[in-house]
$ cat upload-v1.txt   # compact mmCIF, C-alpha atoms and all ligand atoms
# COMPACT_ATOMS: atom_id res chain seq x y z
CA MET U 1 -207.55 -106.13 52.43
CA LYS U 2 -209.02 -108.16 49.58
CA GLN U 3 -210.42 -111.65 49.86
CA VAL U 4 -211.46 -114.26 47.31
CA ARG U 5 -212.99 -117.73 47.46
CA VAL U 6 -212.69 -120.24 44.64
CA LYS U 7 -214.34 -123.63 44.21
CA VAL U 8 -213.03 -125.97 41.52
CA PRO U 9 -214.47 -129.39 40.66
CA ALA U 10 -212.71 -132.71 40.19
CA SER U 11 -212.71 -134.16 36.70
CA THR U 12 -212.23 -137.48 34.98
CA ALA U 13 -210.12 -137.12 31.85
CA ASN U 14 -209.64 -139.23 28.70
CA LEU U 15 -212.87 -141.27 29.11
CA GLY U 16 -210.96 -144.11 27.42
CA PRO U 17 -210.05 -143.10 23.86
CA GLY U 18 -210.03 -139.30 24.33
CA TYR U 19 -206.44 -139.15 25.58
CA ASP U 20 -205.48 -135.56 26.49
CA VAL U 21 -208.72 -134.35 24.85
CA LEU U 22 -211.88 -135.28 26.76
CA GLY U 23 -212.78 -134.58 30.39
CA LEU U 24 -215.93 -134.46 32.48
CA ALA U 25 -216.37 -132.44 35.68
CA VAL U 26 -217.83 -134.14 38.75
CA GLU U 27 -219.41 -132.72 41.89
CA LEU U 28 -216.45 -132.98 44.21
CA TYR U 29 -214.90 -129.61 44.95
CA ASN U 30 -211.65 -128.21 46.27
CA GLU U 31 -212.05 -124.83 47.92
CA LEU U 32 -209.51 -122.09 48.17
CA GLU U 33 -209.70 -118.91 50.21
CA VAL U 34 -207.08 -116.19 49.81
CA ARG U 35 -206.75 -112.97 51.84
CA MET U 36 -204.38 -110.37 50.50
CA GLU U 37 -203.27 -107.81 53.08
CA LYS U 38 -200.94 -104.85 52.72
CA VAL U 39 -198.13 -104.87 55.27
CA PRO U 40 -196.81 -101.40 56.13
CA GLY U 41 -193.20 -101.16 55.02
CA GLY U 42 -193.32 -104.75 53.71
CA ARG U 43 -191.11 -105.62 50.74
CA SER U 44 -191.32 -108.91 48.82
CA ALA U 45 -194.54 -110.94 49.06
CA LYS U 46 -195.10 -113.23 52.02
CA VAL U 47 -197.29 -116.29 52.06
CA GLU U 48 -198.99 -118.24 54.85
CA ILE U 49 -200.57 -121.51 53.75
CA PHE U 50 -202.96 -123.71 55.67
CA SER U 51 -204.26 -126.95 54.11
CA GLN U 52 -206.98 -129.24 55.33
CA GLY U 53 -208.58 -132.37 53.92
CA GLU U 54 -206.81 -134.48 51.29
CA GLY U 55 -203.04 -134.24 51.54
CA ALA U 56 -203.12 -132.13 54.71
CA GLY U 57 -199.83 -132.28 56.56
CA ARG U 58 -197.84 -133.24 53.48
CA LEU U 59 -198.66 -130.53 50.95
CA PRO U 60 -195.86 -127.96 50.85
CA GLN U 61 -196.65 -124.82 52.86
CA ASP U 62 -194.01 -122.71 51.11
CA GLU U 63 -192.83 -121.65 47.65
CA LYS U 64 -193.25 -125.25 46.47
CA ASN U 65 -197.02 -125.18 46.99
CA ILE U 66 -198.58 -125.42 43.49
CA VAL U 67 -201.51 -123.15 44.33
CA TRP U 68 -199.08 -120.41 45.35
CA GLN U 69 -196.81 -121.11 42.36
CA SER U 70 -199.82 -120.78 40.05
CA MET U 71 -200.87 -117.54 41.74
CA ARG U 72 -197.38 -116.12 41.18
CA GLU U 73 -197.46 -117.09 37.51
CA LEU U 74 -200.75 -115.26 37.09
CA PHE U 75 -199.49 -112.16 38.91
CA ARG U 76 -196.42 -112.17 36.64
CA ALA U 77 -198.56 -112.51 33.49
CA ALA U 78 -200.90 -109.71 34.68
CA HIS U 79 -197.94 -107.46 35.65
CA PHE U 80 -199.24 -107.21 39.21
CA SER U 81 -196.59 -106.39 41.81
CA THR U 82 -197.05 -108.42 44.99
CA ASP U 83 -194.46 -106.39 46.90
CA GLY U 84 -195.66 -105.38 50.34
CA TYR U 85 -198.48 -107.90 50.47
CA VAL U 86 -199.03 -110.93 52.62
CA PHE U 87 -201.17 -113.71 51.14
CA LYS U 88 -203.07 -115.91 53.60
CA ILE U 89 -204.11 -119.08 51.80
CA ARG U 90 -206.52 -121.70 53.12
CA GLN U 91 -206.95 -124.83 51.00
CA THR U 92 -209.79 -127.26 51.67
CA ASN U 93 -209.04 -130.25 49.48
CA ARG U 94 -211.60 -132.94 48.80
CA ILE U 95 -210.13 -134.33 45.57
CA PRO U 96 -207.82 -137.25 46.39
CA LEU U 97 -204.22 -136.54 45.35
CA ALA U 98 -202.47 -138.29 42.47
CA ARG U 99 -205.39 -140.62 41.80
CA GLY U 100 -206.54 -139.45 38.34
CA LEU U 101 -209.35 -137.14 39.42
CA GLY U 102 -207.75 -133.87 38.39
CA SER U 103 -206.37 -132.74 41.77
CA SER U 104 -203.35 -130.95 40.27
CA ALA U 105 -205.49 -129.27 37.59
CA ALA U 106 -207.90 -128.10 40.31
CA ALA U 107 -205.01 -126.78 42.42
CA ARG U 108 -203.47 -124.86 39.52
CA LEU U 109 -206.78 -123.53 38.28
CA SER U 110 -207.84 -122.40 41.75
CA GLY U 111 -204.53 -120.56 42.10
CA VAL U 112 -204.77 -118.70 38.79
CA LEU U 113 -208.44 -117.84 39.30
CA ALA U 114 -207.84 -116.53 42.83
CA ALA U 115 -204.86 -114.45 41.76
CA ASN U 116 -206.75 -113.09 38.76
CA ALA U 117 -209.56 -111.92 41.05
CA LEU U 118 -207.04 -110.15 43.31
CA CYS U 119 -204.99 -108.22 40.78
CA THR U 120 -205.81 -104.79 39.41
CA LYS U 121 -205.89 -105.63 35.69
CA PRO U 122 -207.20 -109.18 35.45
CA LEU U 123 -206.52 -111.35 32.41
CA ASN U 124 -209.45 -112.35 30.22
CA GLU U 125 -210.88 -115.87 30.54
CA GLN U 126 -209.01 -117.26 27.53
CA ARG U 127 -205.66 -116.10 28.89
CA VAL U 128 -206.45 -117.54 32.33
CA LEU U 129 -207.35 -120.83 30.66
CA GLU U 130 -204.17 -120.84 28.58
CA LEU U 131 -201.99 -120.08 31.58
CA ALA U 132 -203.59 -122.90 33.61
CA VAL U 133 -203.15 -125.32 30.70
CA ARG U 134 -199.51 -124.31 30.23
CA LEU U 135 -198.83 -124.93 33.93
CA GLU U 136 -200.66 -128.29 33.87
CA GLY U 137 -199.20 -129.45 30.54
CA HIS U 138 -202.47 -130.72 29.03
CA PRO U 139 -205.98 -129.29 28.77
CA ASP U 140 -208.27 -132.25 29.39
CA ASN U 141 -208.83 -131.68 33.14
CA ILE U 142 -208.50 -127.88 33.09
CA VAL U 143 -211.25 -127.24 30.52
CA PRO U 144 -214.05 -129.16 32.31
CA ALA U 145 -212.83 -127.95 35.72
CA LEU U 146 -213.14 -124.34 34.50
CA PHE U 147 -216.35 -124.56 32.49
CA GLY U 148 -218.10 -127.65 33.90
CA GLY U 149 -219.70 -130.39 31.81
CA LEU U 150 -217.85 -132.27 29.09
CA GLY U 151 -214.77 -130.55 27.72
CA ILE U 152 -213.33 -131.33 24.30
CA SER U 153 -209.97 -129.62 23.94
CA ALA U 154 -207.26 -129.12 21.36
CA LEU U 155 -203.90 -127.37 21.62
CA ASP U 156 -202.96 -125.20 18.67
CA GLN U 157 -199.52 -123.58 19.00
CA GLY U 158 -200.07 -122.49 22.59
CA LYS U 159 -203.72 -121.60 22.03
CA VAL U 160 -206.39 -123.73 23.66
CA LEU U 161 -209.39 -124.49 21.50
CA TYR U 162 -212.32 -126.12 23.20
CA VAL U 163 -215.94 -127.13 22.92
CA ARG U 164 -217.98 -127.36 26.08
CA MET U 165 -220.96 -129.70 26.13
CA PRO U 166 -223.42 -130.34 28.95
CA ALA U 167 -222.70 -133.44 31.02
CA PRO U 168 -224.76 -136.42 29.84
CA PRO U 169 -228.14 -136.21 31.57
CA GLY U 170 -229.39 -139.17 33.57
CA LEU U 171 -225.95 -140.67 34.23
CA ARG U 172 -223.70 -140.86 37.27
CA ALA U 173 -219.96 -141.28 37.66
CA ALA U 174 -219.14 -144.49 39.53
CA VAL U 175 -215.53 -144.68 40.62
CA ALA U 176 -213.17 -146.82 42.64
CA VAL U 177 -210.29 -144.84 44.13
CA PRO U 178 -207.48 -147.20 45.13
CA GLU U 179 -205.35 -146.45 48.16
CA PHE U 180 -202.11 -146.11 46.17
CA GLU U 181 -201.03 -143.00 44.29
CA LEU U 182 -199.73 -142.82 40.73
CA SER U 183 -198.05 -139.71 39.44
CA THR U 184 -199.13 -138.50 36.01
CA LYS U 185 -195.43 -138.21 35.11
CA LYS U 186 -194.87 -141.90 35.78
CA ALA U 187 -198.07 -142.87 33.94
CA ARG U 188 -197.02 -140.82 30.90
CA ALA U 189 -193.47 -142.22 30.92
CA VAL U 190 -194.73 -145.73 30.04
CA LEU U 191 -196.41 -144.55 26.83
CA PRO U 192 -194.70 -145.16 23.48
CA LYS U 193 -193.42 -142.22 21.42
CA LYS U 194 -194.99 -143.67 18.27
CA VAL U 195 -198.19 -145.63 17.69
CA LEU U 196 -199.45 -147.74 14.82
CA HIS U 197 -201.62 -146.04 12.24
CA THR U 198 -204.27 -148.73 12.82
CA ASP U 199 -204.32 -147.89 16.54
CA ALA U 200 -204.64 -144.18 15.78
CA VAL U 201 -207.59 -144.90 13.47
CA PHE U 202 -209.09 -147.16 16.13
CA ASN U 203 -209.02 -144.29 18.65
CA VAL U 204 -210.29 -141.70 16.17
CA SER U 205 -213.30 -143.92 15.49
CA ARG U 206 -213.99 -144.64 19.17
CA VAL U 207 -213.61 -141.08 20.39
CA SER U 208 -215.85 -139.75 17.60
CA MET U 209 -218.46 -142.35 18.44
CA LEU U 210 -218.15 -141.55 22.15
CA VAL U 211 -218.85 -137.84 21.65
CA GLY U 212 -221.74 -138.68 19.32
CA ALA U 213 -223.17 -141.23 21.75
CA LEU U 214 -223.00 -138.75 24.66
CA ALA U 215 -224.50 -135.91 22.60
CA GLY U 216 -227.29 -138.11 21.24
CA ARG U 217 -227.89 -139.91 24.56
CA ASN U 218 -227.23 -143.17 22.78
CA TYR U 219 -225.77 -144.68 25.92
CA LYS U 220 -225.81 -148.29 24.65
CA LEU U 221 -222.85 -147.38 22.44
CA LEU U 222 -220.69 -146.20 25.35
CA ASP U 223 -219.24 -149.60 26.20
CA ARG U 224 -217.58 -150.09 22.81
CA ALA U 225 -217.02 -146.39 22.21
CA MET U 226 -214.80 -146.18 25.32
CA ASP U 227 -212.29 -148.71 24.01
CA ASP U 228 -208.79 -147.33 23.75
CA ARG U 229 -205.46 -148.32 22.25
CA LEU U 230 -203.36 -145.24 23.01
CA HIS U 231 -202.74 -145.42 26.75
CA GLN U 232 -204.70 -147.92 28.85
CA THR U 233 -202.91 -150.99 27.46
CA TYR U 234 -199.55 -149.52 28.46
CA ARG U 235 -200.75 -148.28 31.83
CA LYS U 236 -202.43 -151.44 33.06
CA LYS U 237 -199.13 -152.73 34.47
CA LEU U 238 -199.11 -149.68 36.78
CA VAL U 239 -202.70 -150.30 37.87
CA PRO U 240 -203.11 -153.87 39.13
CA GLY U 241 -206.77 -154.86 39.01
CA LEU U 242 -207.71 -152.42 36.22
CA GLU U 243 -208.97 -155.05 33.78
CA GLN U 244 -210.80 -156.99 36.49
CA ALA U 245 -212.44 -153.78 37.72
CA MET U 246 -213.69 -152.91 34.22
CA GLU U 247 -214.94 -156.46 33.67
CA ASN U 248 -216.75 -156.48 37.05
CA ALA U 249 -218.32 -153.11 36.28
CA ARG U 250 -219.66 -154.33 32.94
CA LYS U 251 -221.28 -157.32 34.69
CA ALA U 252 -222.79 -154.98 37.31
CA GLY U 253 -224.45 -152.92 34.57
CA ALA U 254 -221.90 -150.17 33.81
CA LEU U 255 -222.58 -148.47 30.49
CA GLY U 256 -218.87 -148.01 29.83
CA SER U 257 -215.68 -147.74 31.87
CA ALA U 258 -212.15 -146.42 31.64
CA LEU U 259 -209.07 -145.51 33.58
CA SER U 260 -209.79 -142.07 35.08
CA GLY U 261 -207.17 -139.68 33.68
CA ALA U 262 -203.72 -141.16 34.20
CA GLY U 263 -205.16 -143.43 36.95
CA PRO U 264 -205.14 -145.27 39.20
CA THR U 265 -208.86 -144.48 39.78
CA VAL U 266 -211.22 -146.40 37.53
CA PHE U 267 -214.36 -144.67 36.28
CA ALA U 268 -217.64 -145.93 34.84
CA PHE U 269 -220.80 -144.33 33.46
CA ALA U 270 -223.82 -145.80 35.22
CA GLU U 271 -227.54 -145.23 35.53
CA PRO U 272 -228.39 -143.80 38.96
CA VAL U 273 -230.03 -147.02 40.25
CA ARG U 274 -226.98 -149.09 39.37
CA ALA U 275 -224.25 -146.59 40.18
CA LEU U 276 -223.38 -147.80 43.67
CA ALA U 277 -223.34 -151.45 42.60
CA VAL U 278 -221.05 -150.48 39.71
CA ALA U 279 -218.70 -148.55 42.01
CA ASN U 280 -218.54 -151.53 44.37
CA ALA U 281 -217.87 -153.84 41.42
CA LEU U 282 -214.98 -151.60 40.34
CA ALA U 283 -213.58 -151.70 43.88
CA ARG U 284 -213.77 -155.51 43.93
CA GLY U 285 -211.47 -155.53 40.90
CA PHE U 286 -208.79 -153.89 43.04
CA ALA U 287 -209.63 -156.14 45.99
CA SER U 288 -208.93 -159.18 43.76
CA ARG U 289 -205.31 -157.94 43.67
CA GLY U 290 -205.20 -157.21 47.40
CA ILE U 291 -205.63 -153.44 46.96
CA LYS U 292 -208.12 -151.45 49.04
CA ALA U 293 -210.24 -149.02 47.05
CA GLN U 294 -213.00 -146.60 47.94
CA ALA U 295 -216.22 -146.98 45.95
CA ARG U 296 -217.85 -143.61 45.29
CA VAL U 297 -220.64 -142.18 43.17
CA PHE U 298 -220.74 -138.58 41.92
CA ASN U 299 -223.09 -136.42 39.94
CA PHE U 300 -221.51 -134.69 36.98
CA SER U 301 -220.99 -130.96 37.44
CA ASN U 302 -222.25 -128.54 34.84
CA LYS U 303 -221.12 -125.56 36.89
CA GLY U 304 -217.36 -125.62 36.74
CA ALA U 305 -215.20 -123.26 38.76
CA GLN U 306 -216.84 -120.58 40.90
CA VAL U 307 -215.14 -117.40 42.08
CA SER U 308 -216.52 -115.01 44.69
CA CYS U 309 -214.83 -111.86 45.94
CA GLN U 310 -215.48 -110.30 49.35
N1 LIG U 401 -204.62 -136.96 29.76
C1 LIG U 401 -203.75 -137.05 30.90
C2 LIG U 401 -203.07 -138.40 30.91
C3 LIG U 401 -204.58 -136.87 32.14
O1 LIG U 401 -203.75 -139.38 30.66
O2 LIG U 401 -201.86 -138.46 31.15
C4 LIG U 401 -203.74 -136.68 33.35
O3 LIG U 401 -204.49 -136.02 34.33

$ encode --input "upload-v1.txt" --output "structure tokens" --more "lines below"
Ligand code: HSE
Amino acid sequence: MKQVRVKVPASTANLGPGYDVLGLAVELYNELEVRMEKVPGGRSAKVEIFSQGEGAGRLPQDEKNIVWQSMRELFRAAHFSTDGYVFKIRQTNRIPLARGLGSSAAARLSGVLAANALCTKPLNEQRVLELAVRLEGHPDNIVPALFGGLGISALDQGKVLYVRMPAPPGLRAAVAVPEFELSTKKARAVLPKKVLHTDAVFNVSRVSMLVGALAGRNYKLLDRAMDDRLHQTYRKKLVPGLEQAMENARKAGALGSALSGAGPTVFAFAEPVRALAVANALARGFASRGIKAQARVFNFSNKGAQVSCQ
């Protein structure tokens, strides 16, 4: 019998202009525990899945479960035969589903990391990363969820290039998590295939300034540096209250705000003393459109994913 535990943090991707590029890990963790047992005379792999917390009761408990699917992909890539084994999976999910806080990235990453710890010839870290990114489709949640801190990622013909920076010291993540879900697929489907050169230049300037402002702790620049023209404008029709939430947050002292990932959660950087007021201000933006939202404050996580074998 072999057993592994994995903890993977939530993350807020894009940070406004850094579409599919930037992501920051926050201290909200999904946990996964997998026991792998040999069954005498057993043939193809069996799986038993138990989920608690977010999504419990509606997450698939069979082949459709994305943690299990990700584990299988890793086993395939590492040429590990699962024949004759039973996998007992326990998921403890704290990251709200389909809200823009990286729940699917965390699920996929936890699956590949757990499987990698269980197989005889594990893949190196870069291959694990690239597999998780291929399964997820974009790197901006996976990189910070794996390494912690601020991830800056680029895809280069299947390779994942990244820079990892520490999370900005002295800041908190204030968020409002609305009660409705929004699938990333739907939020990507509203984006145009082509953008204006002027809008591309606008985002290049903002995202460069954003990284510089975070690295240099020049937090006064964040508000303007988080402006975006590549996705938020198109997505606001899917997120009623988004603009009001961002406006409220600014008035409550937010340093900068953005749609979190593909949404519908809205995120703001805030100083610790103002963070709760900012989160409440974000939530009032949703309330103005009759939508309930949970106001929450998180520390950023510099740790990333943690794997322990027993
Ligand atoms: N960068 C992705 C998007 C994040 O905005 O669609 C999804 O988690």

$ atom_distance --input "upload-v1.txt" --atom1 "atom CA of U:Ile66" --atom2 "atom CA of U:Leu155"
22.6 Å

$ closest_residue --input "upload-v1.txt" --among "U:Leu255, U:Leu15, U:Val67, U:Ala107" --to "U:Asn30" --atoms "all atoms listed in the file"
U:Ala107

$ residues_around --input "upload-v1.txt" --residues "U:Arg72" --least-positions-apart "2" --cutoff "12 Å" --atoms "only C-alpha atoms" --output "ChimeraX atom specification"
/U:45-47,63-70,74-83,87,108,111-116,118-119,131-132,135

$ axis_aligned_box --input "upload-v1.txt" --around "ligand LIG 401 (chain U)" --padding-each-side "8 Å" --output "AutoDock Vina command-line options"
--center_x -203.2 --center_y -137.7 --center_z 32.0 --size_x 18.8 --size_y 19.4 --size_z 20.6

$ residues_around --input "upload-v1.txt" --residues "stretch 144-150 of chain U" --least-positions-apart "2" --cutoff "10 Å" --atoms "all atoms listed in the file" --output "PDB file with C-alpha atoms, in the frame of the given file"
ATOM      1  CA  LYS U   7    -214.340-123.630  44.210  1.00  0.00           C
ATOM      2  CA  VAL U   8    -213.030-125.970  41.520  1.00  0.00           C
ATOM      3  CA  PRO U   9    -214.470-129.390  40.660  1.00  0.00           C
ATOM      4  CA  ALA U  10    -212.710-132.710  40.190  1.00  0.00           C
ATOM      5  CA  SER U  11    -212.710-134.160  36.700  1.00  0.00           C
ATOM      6  CA  THR U  12    -212.230-137.480  34.980  1.00  0.00           C
ATOM      7  CA  ALA U  13    -210.120-137.120  31.850  1.00  0.00           C
ATOM      8  CA  LEU U  22    -211.880-135.280  26.760  1.00  0.00           C
ATOM      9  CA  GLY U  23    -212.780-134.580  30.390  1.00  0.00           C
ATOM     10  CA  LEU U  24    -215.930-134.460  32.480  1.00  0.00           C
ATOM     11  CA  ALA U  25    -216.370-132.440  35.680  1.00  0.00           C
ATOM     12  CA  VAL U  26    -217.830-134.140  38.750  1.00  0.00           C
ATOM     13  CA  GLU U  27    -219.410-132.720  41.890  1.00  0.00           C
ATOM     14  CA  TYR U  29    -214.900-129.610  44.950  1.00  0.00           C
ATOM     15  CA  GLY U 102    -207.750-133.870  38.390  1.00  0.00           C
ATOM     16  CA  ALA U 105    -205.490-129.270  37.590  1.00  0.00           C
ATOM     17  CA  ALA U 106    -207.900-128.100  40.310  1.00  0.00           C
ATOM     18  CA  LEU U 109    -206.780-123.530  38.280  1.00  0.00           C
ATOM     19  CA  SER U 110    -207.840-122.400  41.750  1.00  0.00           C
ATOM     20  CA  LEU U 113    -208.440-117.840  39.300  1.00  0.00           C
ATOM     21  CA  GLU U 125    -210.880-115.870  30.540  1.00  0.00           C
ATOM     22  CA  VAL U 128    -206.450-117.540  32.330  1.00  0.00           C
ATOM     23  CA  LEU U 129    -207.350-120.830  30.660  1.00  0.00           C
ATOM     24  CA  ALA U 132    -203.590-122.900  33.610  1.00  0.00           C
ATOM     25  CA  PRO U 139    -205.980-129.290  28.770  1.00  0.00           C
ATOM     26  CA  ASP U 140    -208.270-132.250  29.390  1.00  0.00           C
ATOM     27  CA  ASN U 141    -208.830-131.680  33.140  1.00  0.00           C
ATOM     28  CA  ILE U 142    -208.500-127.880  33.090  1.00  0.00           C
ATOM     29  CA  ILE U 152    -213.330-131.330  24.300  1.00  0.00           C
ATOM     30  CA  SER U 153    -209.970-129.620  23.940  1.00  0.00           C
ATOM     31  CA  TYR U 162    -212.320-126.120  23.200  1.00  0.00           C
ATOM     32  CA  VAL U 163    -215.940-127.130  22.920  1.00  0.00           C
ATOM     33  CA  ARG U 164    -217.980-127.360  26.080  1.00  0.00           C
ATOM     34  CA  MET U 165    -220.960-129.700  26.130  1.00  0.00           C
ATOM     35  CA  PRO U 166    -223.420-130.340  28.950  1.00  0.00           C
ATOM     36  CA  ALA U 167    -222.700-133.440  31.020  1.00  0.00           C
ATOM     37  CA  PRO U 168    -224.760-136.420  29.840  1.00  0.00           C
ATOM     38  CA  VAL U 211    -218.850-137.840  21.650  1.00  0.00           C
ATOM     39  CA  LEU U 214    -223.000-138.750  24.660  1.00  0.00           C
ATOM     40  CA  ALA U 215    -224.500-135.910  22.600  1.00  0.00           C
ATOM     41  CA  PHE U 300    -221.510-134.690  36.980  1.00  0.00           C
ATOM     42  CA  SER U 301    -220.990-130.960  37.440  1.00  0.00           C
ATOM     43  CA  ASN U 302    -222.250-128.540  34.840  1.00  0.00           C
ATOM     44  CA  LYS U 303    -221.120-125.560  36.890  1.00  0.00           C
ATOM     45  CA  GLY U 304    -217.360-125.620  36.740  1.00  0.00           C
ATOM     46  CA  ALA U 305    -215.200-123.260  38.760  1.00  0.00           C
ATOM     47  CA  GLN U 306    -216.840-120.580  40.900  1.00  0.00           C
TER      48      GLN U 306
END

$ closest_atom_pairs --input "upload-v1.txt" --of "chain U" --to "ligand LIG 401 (chain U)" --cutoff "6 Å" --atoms "all atoms listed in the file" --output "CSV"
residue,atom,partner,partner_atom,distance
U:Ala13,CA,U:LIG401,C3,5.6
U:Asn14,CA,U:LIG401,N1,5.6
U:Tyr19,CA,U:LIG401,N1,5.1
U:Asp20,CA,U:LIG401,N1,3.7
U:Gly100,CA,U:LIG401,O3,5.7
U:Gly102,CA,U:LIG401,O3,5.6
U:Asp140,CA,U:LIG401,N1,6.0
U:Thr184,CA,U:LIG401,O2,5.6
U:Arg188,CA,U:LIG401,O2,5.4
U:Gly261,CA,U:LIG401,C3,4.1
U:Ala262,CA,U:LIG401,O1,4.0

$ closest_residue --input "upload-v1.txt" --among "U:Lys194, U:Ala174, U:Arg224, U:Val297" --to "U:Leu282" --atoms "only C-alpha atoms"
U:Ala174

$ closest_residue --input "upload-v1.txt" --among "U:Gly170, U:Ala258, U:Glu33, U:Gly290" --to "U:Arg217" --atoms "all atoms listed in the file"
U:Gly170

$ atom_distance --input "upload-v1.txt" --atom1 "atom CA of U:Pro96" --atom2 "atom CA of U:Phe180"
10.5 Å

$ atom_distance --input "upload-v1.txt" --atom1 "atom CA of U:Asp62" --atom2 "atom CA of U:Ile49"
7.2 Å

$ residues_around --input "upload-v1.txt" --residues "U:Lys2" --least-positions-apart "3" --cutoff "8 Å" --atoms "only C-alpha atoms" --output "list of chain:residue names"
U:Arg35, U:Met36, U:Glu37, U:Leu118, U:Cys309, U:Gln310

$ residues_near_point --input "upload-v1.txt" --point "(-220.4, -141.2, 47.9)" --cutoff "12 Å" --atoms "only C-alpha atoms" --output "ChimeraX atom specification"
/U:26-28,172-177,275-277,279-280,294-299

$ closest_residue --input "upload-v1.txt" --among "U:Pro178, U:Ala117, U:Leu210, U:Ala98" --to "U:Met71" --atoms "all atoms listed in the file"
U:Ala117

$ closest_residue --input "upload-v1.txt" --among "U:Asp156, U:Val21, U:Gly256, U:Gly241" --to "U:Phe286" --atoms "all atoms listed in the file"
U:Gly241

$ residues_around --input "upload-v1.txt" --residues "stretch 90-93 of chain U" --least-positions-apart "2" --cutoff "7 Å" --atoms "only C-alpha atoms" --output "PyMOL selection string"
chain U and resi 30-34+49-54+88+95

$ closest_residue --input "upload-v1.txt" --among "U:Ser288, U:Thr265, U:Gln157, U:Asn203" --to "U:Met226" --atoms "only C-alpha atoms"
U:Asn203

$ residues_around --input "upload-v1.txt" --residues "U:Ser308" --least-positions-apart "6" --cutoff "7 Å" --atoms "only C-alpha atoms" --output "JSON list (two decimals) with C-alpha atoms, keeping the file's coordinate frame"
[["chain", "number", "residue", "atom", "x", "y", "z"],
["U", 4, "VAL", "CA", -211.46, -114.26, 47.31],
["U", 5, "ARG", "CA", -212.99, -117.73, 47.46],
["U", 6, "VAL", "CA", -212.69, -120.24, 44.64]]

$ build_atoms --input "upload-v1.txt" --residues "stretch 205-217 of chain U" --atoms "N, CA and C atoms" --output "PDB file, in the frame of the given file"
ATOM      1  N   SER U 205    -211.930-143.422  15.652  1.00  0.00           N
ATOM      2  CA  SER U 205    -213.300-143.920  15.490  1.00  0.00           C
ATOM      3  C   SER U 205    -214.019-143.991  16.833  1.00  0.00           C
ATOM      4  N   ARG U 206    -213.329-144.491  17.854  1.00  0.00           N
ATOM      5  CA  ARG U 206    -213.990-144.640  19.170  1.00  0.00           C
ATOM      6  C   ARG U 206    -214.314-143.283  19.781  1.00  0.00           C
ATOM      7  N   VAL U 207    -213.377-142.359  19.723  1.00  0.00           N
ATOM      8  CA  VAL U 207    -213.610-141.080  20.390  1.00  0.00           C
ATOM      9  C   VAL U 207    -214.715-140.294  19.666  1.00  0.00           C
ATOM     10  N   SER U 208    -214.778-140.425  18.351  1.00  0.00           N
ATOM     11  CA  SER U 208    -215.850-139.750  17.600  1.00  0.00           C
ATOM     12  C   SER U 208    -217.200-140.342  17.993  1.00  0.00           C
ATOM     13  N   MET U 209    -217.223-141.679  18.069  1.00  0.00           N
ATOM     14  CA  MET U 209    -218.460-142.350  18.440  1.00  0.00           C
ATOM     15  C   MET U 209    -218.873-142.000  19.872  1.00  0.00           C
ATOM     16  N   LEU U 210    -217.869-141.871  20.736  1.00  0.00           N
ATOM     17  CA  LEU U 210    -218.150-141.550  22.150  1.00  0.00           C
ATOM     18  C   LEU U 210    -218.823-140.176  22.268  1.00  0.00           C
ATOM     19  N   VAL U 211    -218.264-139.186  21.586  1.00  0.00           N
ATOM     20  CA  VAL U 211    -218.850-137.840  21.650  1.00  0.00           C
ATOM     21  C   VAL U 211    -220.268-137.863  21.058  1.00  0.00           C
ATOM     22  N   GLY U 212    -220.420-138.577  19.951  1.00  0.00           N
ATOM     23  CA  GLY U 212    -221.740-138.680  19.320  1.00  0.00           C
ATOM     24  C   GLY U 212    -222.733-139.391  20.231  1.00  0.00           C
ATOM     25  N   ALA U 213    -222.279-140.450  20.877  1.00  0.00           N
ATOM     26  CA  ALA U 213    -223.170-141.230  21.750  1.00  0.00           C
ATOM     27  C   ALA U 213    -223.598-140.391  22.960  1.00  0.00           C
ATOM     28  N   LEU U 214    -222.660-139.594  23.502  1.00  0.00           N
ATOM     29  CA  LEU U 214    -223.000-138.750  24.660  1.00  0.00           C
ATOM     30  C   LEU U 214    -223.952-137.626  24.226  1.00  0.00           C
ATOM     31  N   ALA U 215    -223.657-137.018  23.067  1.00  0.00           N
ATOM     32  CA  ALA U 215    -224.500-135.910  22.600  1.00  0.00           C
ATOM     33  C   ALA U 215    -225.907-136.403  22.266  1.00  0.00           C
ATOM     34  N   GLY U 216    -225.991-137.594  21.675  1.00  0.00           N
ATOM     35  CA  GLY U 216    -227.290-138.110  21.240  1.00  0.00           C
ATOM     36  C   GLY U 216    -227.961-138.993  22.280  1.00  0.00           C
ATOM     37  N   ARG U 217    -227.378-139.066  23.460  1.00  0.00           N
ATOM     38  CA  ARG U 217    -227.890-139.910  24.560  1.00  0.00           C
ATOM     39  C   ARG U 217    -228.086-141.360  24.109  1.00  0.00           C
TER      40      ARG U 217
END
